[in-house]
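K.L.:
Take a look at work_7.cif, mmCIF, C-alpha atoms and all ligand atoms:
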data_query
#
loop_
_atom_site.label_atom_id
_atom_site.label_comp_id
_atom_site.auth_asym_id
_atom_site.auth_seq_id
_atom_site.Cartn_x
_atom_site.Cartn_y
_atom_site.Cartn_z
CA MET A 1 -42.89 -18.18 4.55
CA LEU A 2 -43.88 -21.83 4.09
CA GLN A 3 -47.60 -22.30 3.69
CA THR A 4 -49.14 -25.68 4.45
CA ILE A 5 -52.22 -26.75 2.53
CA SER A 6 -54.10 -30.00 3.09
CA SER A 7 -57.05 -29.53 0.73
CA PRO A 8 -56.55 -31.04 -2.77
CA THR A 9 -58.92 -28.47 -4.31
CA GLU A 10 -57.10 -25.58 -2.69
CA ILE A 11 -53.62 -26.67 -3.80
CA TYR A 12 -54.88 -27.32 -7.33
CA GLN A 13 -56.43 -23.87 -7.60
CA ARG A 14 -53.34 -22.20 -6.10
CA LEU A 15 -50.99 -23.83 -8.59
CA VAL A 16 -53.24 -23.22 -11.58
CA ALA A 17 -53.39 -19.52 -10.63
CA LEU A 18 -49.62 -19.33 -10.09
CA ARG A 19 -48.93 -20.89 -13.48
CA GLN A 20 -51.47 -18.64 -15.18
CA SER A 21 -49.56 -15.68 -13.79
CA GLY A 22 -46.42 -17.03 -15.46
CA LYS A 23 -44.71 -18.70 -12.51
CA LYS A 24 -42.69 -21.85 -13.05
CA VAL A 25 -43.65 -24.46 -10.45
CA GLY A 26 -41.30 -27.14 -9.08
CA LEU A 27 -42.76 -30.18 -7.30
CA ILE A 28 -40.94 -32.31 -4.70
CA PRO A 29 -42.96 -35.38 -3.65
CA THR A 30 -41.88 -37.00 -0.35
CA MET A 31 -43.13 -39.18 2.47
CA GLY A 32 -41.76 -36.81 5.10
CA ALA A 33 -39.26 -37.53 7.89
CA LEU A 34 -37.15 -35.12 5.91
CA HIS A 35 -33.36 -35.06 5.77
CA GLU A 36 -30.67 -33.41 3.63
CA GLY A 37 -31.51 -35.72 0.71
CA HIS A 38 -35.01 -34.28 0.50
CA LEU A 39 -33.80 -30.73 1.11
CA SER A 40 -31.30 -31.05 -1.74
CA LEU A 41 -34.31 -31.57 -4.03
CA VAL A 42 -35.89 -28.37 -2.72
CA ARG A 43 -32.66 -26.44 -3.29
CA ARG A 44 -32.34 -27.85 -6.80
CA ALA A 45 -35.96 -26.92 -7.53
CA LYS A 46 -35.33 -23.36 -6.37
CA GLN A 47 -32.57 -23.04 -8.97
CA SER A 48 -34.91 -23.53 -11.90
CA CYS A 49 -38.40 -22.69 -10.59
CA ASP A 50 -40.16 -19.60 -9.22
CA VAL A 51 -42.33 -21.53 -6.77
CA THR A 52 -41.41 -24.75 -4.97
CA VAL A 53 -44.03 -27.07 -3.57
CA ALA A 54 -43.19 -30.13 -1.49
CA THR A 55 -45.68 -32.87 -0.65
CA ILE A 56 -45.70 -35.11 2.38
CA PHE A 57 -47.89 -38.18 2.12
CA VAL A 58 -47.06 -41.61 3.52
CA ASN A 59 -48.69 -43.50 0.69
CA PRO A 60 -50.34 -46.68 2.01
CA THR A 61 -50.62 -48.38 -1.39
CA GLN A 62 -46.86 -48.62 -1.91
CA PHE A 63 -46.26 -50.57 1.30
CA GLY A 64 -46.59 -54.36 1.42
CA PRO A 65 -48.63 -56.01 4.19
CA GLN A 66 -45.46 -56.95 6.12
CA GLU A 67 -43.79 -53.57 5.65
CA ASP A 68 -43.36 -50.55 7.90
CA PHE A 69 -46.35 -48.35 6.90
CA SER A 70 -47.72 -47.98 10.43
CA LYS A 71 -44.35 -47.30 12.02
CA TYR A 72 -42.98 -45.10 9.20
CA PRO A 73 -41.65 -41.94 10.93
CA ARG A 74 -44.07 -39.00 10.90
CA THR A 75 -42.38 -35.75 11.97
CA LEU A 76 -44.55 -33.02 10.45
CA GLU A 77 -43.53 -30.09 12.65
CA ARG A 78 -39.82 -30.69 12.19
CA ASP A 79 -40.39 -31.22 8.45
CA GLN A 80 -42.15 -27.85 8.23
CA GLU A 81 -39.21 -26.16 9.95
CA LEU A 82 -36.72 -27.78 7.59
CA LEU A 83 -38.74 -26.86 4.50
CA GLN A 84 -39.09 -23.30 5.74
CA GLU A 85 -35.30 -23.06 6.28
CA ALA A 86 -34.67 -24.47 2.81
CA GLY A 87 -36.89 -21.77 1.32
CA CYS A 88 -39.74 -24.01 0.18
CA ASP A 89 -42.92 -22.02 -0.58
CA LEU A 90 -45.78 -24.50 -0.26
CA LEU A 91 -46.35 -27.83 1.47
CA PHE A 92 -49.21 -30.12 0.53
CA CYS A 93 -50.01 -32.77 3.11
CA PRO A 94 -53.40 -34.32 2.48
CA SER A 95 -55.23 -36.91 4.53
CA ALA A 96 -55.46 -40.39 3.03
CA ASP A 97 -59.24 -40.38 2.56
CA LEU A 98 -59.06 -37.44 0.16
CA ILE A 99 -56.36 -39.11 -1.92
CA TYR A 100 -58.00 -42.54 -1.89
CA PRO A 101 -61.74 -41.84 -1.77
CA PRO A 102 -64.00 -44.60 -0.44
CA GLY A 103 -64.52 -47.23 -3.12
CA TYR A 104 -61.53 -46.25 -5.26
CA SER A 105 -60.33 -49.06 -7.51
CA THR A 106 -58.32 -47.41 -10.28
CA ALA A 107 -54.53 -47.71 -10.38
CA VAL A 108 -51.62 -47.24 -12.76
CA ASP A 109 -50.22 -50.40 -14.30
CA PRO A 110 -46.50 -49.61 -14.03
CA PRO A 111 -44.09 -49.96 -16.97
CA ALA A 112 -41.81 -52.94 -17.62
CA VAL A 113 -38.86 -51.34 -15.85
CA ALA A 114 -40.84 -51.88 -12.61
CA ILE A 115 -40.61 -55.67 -12.99
CA PRO A 116 -37.07 -56.62 -11.80
CA LEU A 117 -35.28 -55.89 -8.49
CA GLU A 118 -37.69 -53.96 -6.23
CA GLY A 119 -40.53 -55.28 -8.36
CA VAL A 120 -39.63 -58.85 -7.41
CA ARG A 121 -39.03 -58.12 -3.74
CA ARG A 122 -41.88 -55.66 -3.20
CA PRO A 123 -44.82 -56.83 -5.32
CA GLY A 124 -47.29 -54.00 -5.86
CA HIS A 125 -44.84 -51.35 -4.68
CA PHE A 126 -44.42 -49.59 -8.02
CA ARG A 127 -48.12 -49.84 -8.77
CA GLY A 128 -48.63 -47.82 -5.59
CA VAL A 129 -45.80 -45.42 -6.43
CA ALA A 130 -46.92 -44.82 -10.03
CA THR A 131 -50.51 -44.29 -8.87
CA ILE A 132 -49.70 -41.75 -6.15
CA VAL A 133 -47.19 -39.90 -8.32
CA LEU A 134 -49.71 -39.58 -11.15
CA LYS A 135 -52.34 -38.37 -8.66
CA LEU A 136 -49.89 -35.76 -7.37
CA PHE A 137 -49.09 -34.68 -10.92
CA GLN A 138 -52.84 -34.20 -11.50
CA LEU A 139 -53.49 -32.33 -8.26
CA LEU A 140 -50.34 -30.21 -8.37
CA PRO A 141 -49.90 -29.07 -11.96
CA SER A 142 -46.17 -28.29 -12.14
CA ASP A 143 -43.47 -27.62 -14.68
CA GLN A 144 -40.78 -29.83 -13.18
CA ALA A 145 -40.77 -32.62 -10.60
CA PHE A 146 -37.64 -33.51 -8.66
CA PHE A 147 -36.68 -37.05 -7.63
CA GLY A 148 -33.56 -38.49 -6.02
CA ALA A 149 -31.31 -41.05 -7.72
CA LYS A 150 -31.28 -42.84 -4.34
CA ASP A 151 -34.48 -44.53 -5.58
CA PHE A 152 -32.94 -45.35 -8.93
CA GLN A 153 -35.62 -47.72 -10.19
CA GLN A 154 -38.38 -45.39 -9.02
CA VAL A 155 -37.05 -42.59 -11.23
CA LEU A 156 -36.99 -44.90 -14.24
CA VAL A 157 -40.57 -46.00 -13.52
CA ILE A 158 -41.76 -42.40 -13.23
CA ARG A 159 -39.91 -41.23 -16.32
CA ARG A 160 -41.41 -44.05 -18.37
CA MET A 161 -44.90 -43.45 -16.97
CA VAL A 162 -44.73 -39.76 -17.84
CA THR A 163 -43.65 -40.59 -21.39
CA ASP A 164 -46.15 -43.41 -21.86
CA LEU A 165 -49.12 -41.49 -20.45
CA ASN A 166 -48.21 -38.11 -22.03
CA VAL A 167 -48.00 -36.32 -18.70
CA PRO A 168 -46.86 -32.75 -19.38
CA ILE A 169 -44.14 -32.44 -16.74
CA GLU A 170 -40.35 -32.57 -16.81
CA ILE A 171 -38.67 -35.08 -14.50
CA VAL A 172 -35.39 -33.93 -12.97
CA THR A 173 -33.13 -36.52 -11.32
CA CYS A 174 -30.96 -35.29 -8.44
CA PRO A 175 -27.81 -36.95 -7.04
CA ILE A 176 -27.76 -39.14 -3.94
CA ILE A 177 -26.91 -37.25 -0.77
CA ARG A 178 -24.74 -39.24 1.65
CA GLU A 179 -23.60 -38.89 5.23
CA PRO A 180 -19.91 -37.90 5.50
CA ASP A 181 -19.02 -41.58 5.97
CA GLY A 182 -20.85 -42.63 2.81
CA LEU A 183 -24.18 -43.95 4.11
CA ALA A 184 -26.94 -42.86 1.75
CA MET A 185 -29.37 -40.64 3.65
CA SER A 186 -32.75 -42.25 4.22
CA SER A 187 -35.73 -41.66 6.48
CA ARG A 188 -35.31 -45.30 7.52
CA ASN A 189 -31.77 -44.73 8.86
CA ARG A 190 -33.37 -43.53 12.09
CA TYR A 191 -34.50 -47.11 12.74
CA LEU A 192 -30.85 -48.25 13.00
CA SER A 193 -29.11 -48.87 16.33
CA SER A 194 -25.56 -47.53 16.47
CA GLU A 195 -24.21 -51.01 15.82
CA GLU A 196 -26.50 -51.44 12.82
CA ARG A 197 -25.54 -47.97 11.64
CA SER A 198 -21.91 -49.10 11.28
CA GLN A 199 -22.94 -52.40 9.72
CA ALA A 200 -25.00 -50.48 7.15
CA LEU A 201 -21.89 -48.69 5.94
CA ALA A 202 -20.85 -51.89 4.18
CA ILE A 203 -23.50 -51.18 1.53
CA SER A 204 -22.01 -47.89 0.34
CA ARG A 205 -18.50 -49.28 0.86
CA GLY A 206 -19.27 -52.24 -1.40
CA LEU A 207 -20.73 -49.99 -4.09
CA HIS A 208 -17.77 -47.65 -3.82
CA LYS A 209 -15.39 -50.59 -4.17
CA ALA A 210 -17.18 -51.78 -7.31
CA ALA A 211 -17.07 -48.28 -8.87
CA ASP A 212 -13.37 -48.08 -8.00
CA LEU A 213 -12.63 -51.46 -9.59
CA VAL A 214 -14.45 -50.41 -12.75
CA ALA A 215 -12.62 -47.07 -12.87
CA LYS A 216 -9.37 -49.05 -12.68
CA GLY A 217 -10.35 -51.24 -15.63
CA ALA A 218 -12.31 -54.20 -14.17
CA THR A 219 -14.88 -55.56 -16.63
CA ASP A 220 -16.00 -58.82 -15.05
CA VAL A 221 -19.56 -58.35 -13.83
CA ALA A 222 -19.55 -61.45 -11.59
CA LEU A 223 -16.37 -60.24 -9.93
CA LEU A 224 -17.93 -56.86 -9.20
CA GLN A 225 -20.99 -58.48 -7.64
CA GLN A 226 -18.66 -60.67 -5.61
CA ALA A 227 -16.73 -57.62 -4.39
CA ILE A 228 -19.95 -56.02 -3.11
CA ARG A 229 -21.19 -59.24 -1.50
CA GLU A 230 -17.85 -59.66 0.29
CA GLU A 231 -18.30 -56.28 1.97
CA LEU A 232 -21.82 -57.23 3.04
CA ASP A 233 -20.68 -60.64 4.29
CA HIS A 234 -17.83 -59.08 6.19
CA ALA A 235 -20.29 -56.80 8.02
CA GLN A 236 -22.55 -59.79 8.65
CA ILE A 237 -25.35 -58.42 6.54
CA ALA A 238 -26.98 -61.74 5.80
CA ARG A 239 -30.39 -60.87 4.46
CA ILE A 240 -29.64 -59.56 0.98
CA ASP A 241 -32.53 -58.96 -1.42
CA TYR A 242 -30.25 -58.32 -4.37
CA VAL A 243 -26.82 -57.22 -5.49
CA ALA A 244 -27.28 -56.38 -9.15
CA ILE A 245 -25.24 -54.93 -11.97
CA ALA A 246 -27.79 -53.68 -14.45
CA HIS A 247 -28.33 -51.57 -17.54
CA PRO A 248 -28.87 -47.97 -16.35
CA GLU A 249 -32.03 -47.49 -18.43
CA THR A 250 -33.72 -50.89 -18.65
CA LEU A 251 -32.32 -52.45 -15.45
CA ALA A 252 -31.79 -55.67 -17.42
CA GLU A 253 -28.85 -57.70 -16.11
CA VAL A 254 -25.73 -56.89 -18.07
CA SER A 255 -22.89 -59.18 -19.04
CA SER A 256 -20.55 -56.36 -20.04
CA LEU A 257 -20.06 -52.77 -18.94
CA ASN A 258 -19.82 -51.37 -22.47
CA ASP A 259 -22.99 -49.26 -22.23
CA GLY A 260 -22.24 -48.26 -18.65
CA ALA A 261 -24.07 -49.92 -15.79
CA VAL A 262 -25.49 -49.31 -12.37
CA ALA A 263 -24.79 -51.38 -9.28
CA LEU A 264 -27.81 -51.70 -6.99
CA VAL A 265 -28.13 -53.20 -3.53
CA ALA A 266 -31.11 -53.91 -1.30
CA ALA A 267 -30.43 -55.56 2.05
CA PHE A 268 -31.75 -55.76 5.58
CA VAL A 269 -29.63 -54.42 8.40
CA GLY A 270 -31.37 -55.83 11.43
CA THR A 271 -35.03 -55.41 10.51
CA THR A 272 -34.44 -52.27 8.43
CA ARG A 273 -34.45 -52.61 4.67
CA LEU A 274 -31.98 -50.26 2.97
CA ILE A 275 -31.33 -49.58 -0.71
CA ASP A 276 -28.45 -47.85 -2.42
CA ASN A 277 -26.86 -47.70 -5.86
CA ARG A 278 -23.95 -46.31 -7.79
CA LEU A 279 -23.27 -45.75 -11.48
CA LEU A 280 -20.31 -47.70 -12.82
CA GLN A 281 -18.32 -45.76 -15.37
CA PRO A 282 -15.81 -47.81 -17.37
CA ALA A 283 -12.28 -46.39 -17.46
CA THR A 284 -12.38 -45.69 -21.21
CA LYS A 285 -15.68 -43.76 -21.17
P1 LIG B 1 -39.13 -40.52 0.25
O1 LIG B 1 -39.57 -39.53 1.26
O2 LIG B 1 -38.22 -41.57 0.77
O3 LIG B 1 -40.27 -41.05 -0.59
O4 LIG B 1 -38.23 -39.71 -0.78
C1 LIG B 1 -38.72 -38.56 -1.43
C2 LIG B 1 -37.73 -38.14 -2.48
O5 LIG B 1 -36.48 -37.86 -1.88
C3 LIG B 1 -37.48 -39.25 -3.52
O6 LIG B 1 -37.36 -38.65 -4.81
C4 LIG B 1 -36.17 -39.82 -3.07
O7 LIG B 1 -35.41 -40.42 -4.10
C5 LIG B 1 -35.47 -38.57 -2.55
N1 LIG B 1 -34.38 -38.95 -1.65
C6 LIG B 1 -34.47 -39.74 -0.54
N2 LIG B 1 -33.25 -39.92 0.01
C7 LIG B 1 -32.38 -39.24 -0.78
C8 LIG B 1 -30.97 -39.06 -0.77
N3 LIG B 1 -30.19 -39.61 0.18
N4 LIG B 1 -30.41 -38.30 -1.75
C9 LIG B 1 -31.18 -37.75 -2.71
N5 LIG B 1 -32.51 -37.89 -2.80
C10 LIG B 1 -33.10 -38.62 -1.84
#
Could you quickly redo this structure as structure tokens?
Ligand code: AMP

P.N.:
Amino acid sequence: MLQTISSPTEIYQRLVALRQSGKKVGLIPTMGALHEGHLSLVRRAKQSCDVTVATIFVNPTQFGPQEDFSKYPRTLERDQELLQEAGCDLLFCPSADLIYPPGYSTAVDPPAVAIPLEGVRRPGHFRGVATIVLKLFQLLPSDQAFFGAKDFQQVLVIRRMVTDLNVPIEIVTCPIIREPDGLAMSSRNRYLSSEERSQALAISRGLHKAADLVAKGATDVALLQQAIREELDHAQIARIDYVAIAHPETLAEVSSLNDGAVALVAAFVGTTRLIDNRLLQPATK
């Protein structure tokens, strides 16, 4: 039975006691409005942990002033049902004033991998992400934490933070879960009208096309970017934040695919900002 806890002290004491009794704890941080992508993290956690604990917290510090913090979907009851069905044991959903006490002014300075891509388009975003994730790691002492590759740069930021700050937790990256037609699942997909929903498909189609070209031997990075942009143009997705082919660990722009690469897209479909990515594996590797 899923148990929901909102007190930081209570969840801390629960997890400390569980770990003292020898249980392996798996942590799944989320912002709620759960879908199969989130639930896949719970299922993965259940494979390697004795106790799974999800968190739902719409973290204000990772949203920019013009972003969708106030309208971000909040669907707690449905989320609880879904977590219960997935076999999650504990849910931590604190109120913002306990996480950010009055007068707080400390934050995590995120690592260099936070600088490009999302870092350029969403200044302060990764500072907010790194800060909340570190707070959750402190409040919910766990053995493993599970993150989706959907937020590719986020995982790199968190991995680097954990290494740099000696946080004793193992980060597990889980694959992107897609709708049957290829659209990467996202809590923000519910903002899309049905017309925008079909437009949005161009993002995964473009990434798929690039991966296909690479699998068939293409090596020209500019050509791959062009192939993705053509799909977006064709669907009249005009507001593109980036179409990047980058090193899968540093996110530096690459000029060759020799070390492997990742293609990443961020674009607005209507007023909804979507991100997606795909690893590009050269034919010879
Ligand atoms: P969010 O609630 O958007 O902050 O996401 C919480 C966690 O779920 C993050 O680790 C995300 O990367 C992960 N996630 C979100 N969408 C997907 C997806 N389509 N496939 C896999 N993981 C996902």

K.L.:
Atom CA of A:Glu10 and atom CA of A:Glu77, how far apart in Å?

P.N.:
21.0 Å

K.L.:
To check your reading of the model: which residues sit at most 8 Å from ligand LIG 1 (chain B) when counting all atoms listed in the file? Write the answer as a ChimeraX atom specification.

P.N.:
/A:28-38,40-41,56,58,146-152,154-155,174-178,184-187

K.L.:
Tell me which of A:Phe63, A:Leu91, A:Thr55, A:Thr4 sits closest to A:Glu118, counting all atoms listed in the file.

P.N.:
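Looking only at the distances to A:Glu118, the closest residue turns out to be A:Phe63.
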
K.L.:
Measuring atom to atom with all atoms listed in the file, identify which of A:Pro168, A:Pro141, A:Pro180, A:Gly119 is nearest to A:Gly26.

P.N.:
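Nearest candidate to A:Gly26 out of A:Pro168, A:Pro141, A:Pro180, A:Gly119: A:Pro141.
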
K.L.:
Looking at only C-alpha atoms, which of A:Leu39, A:Val162, A:Leu280, A:Ala17 is the one that sits closest to A:Thr131?

P.N.:
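Closest to A:Thr131 of all the choices is A:Val162.
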
K.L.:
Just want the 10 Å neighbourhood of stretch 188-190 of chain A, counted on all atoms listed in the file, with same-chain residues fewer than 3 positions away dropped. Output as a PyMOL selection string.

P.N.:
chain A and resi 33+68+72-73+183-185+193-194+196-197+200+269+272-274

K.L.:
Between atom CA of A:Glu67 and atom CA of A:Arg160, measure the distance and give it in Å to one decimal.

P.N.:
25.9 Å

K.L.:
With all atoms listed in the file as the atoms that count, which of A:Ile169, A:Ala112, A:Thr75, A:Lys209 lies nearest to A:Asp143?

P.N.:
A:Ile169

K.L.:
Of the candidates A:Gln281, A:Gln225, A:Gln236, A:Ser7, which one gets nearest to A:Phe268 if we count all atoms listed in the file?

P.N.:
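Counting all atoms listed in the file, the residue closest to A:Phe268 is A:Gln236.
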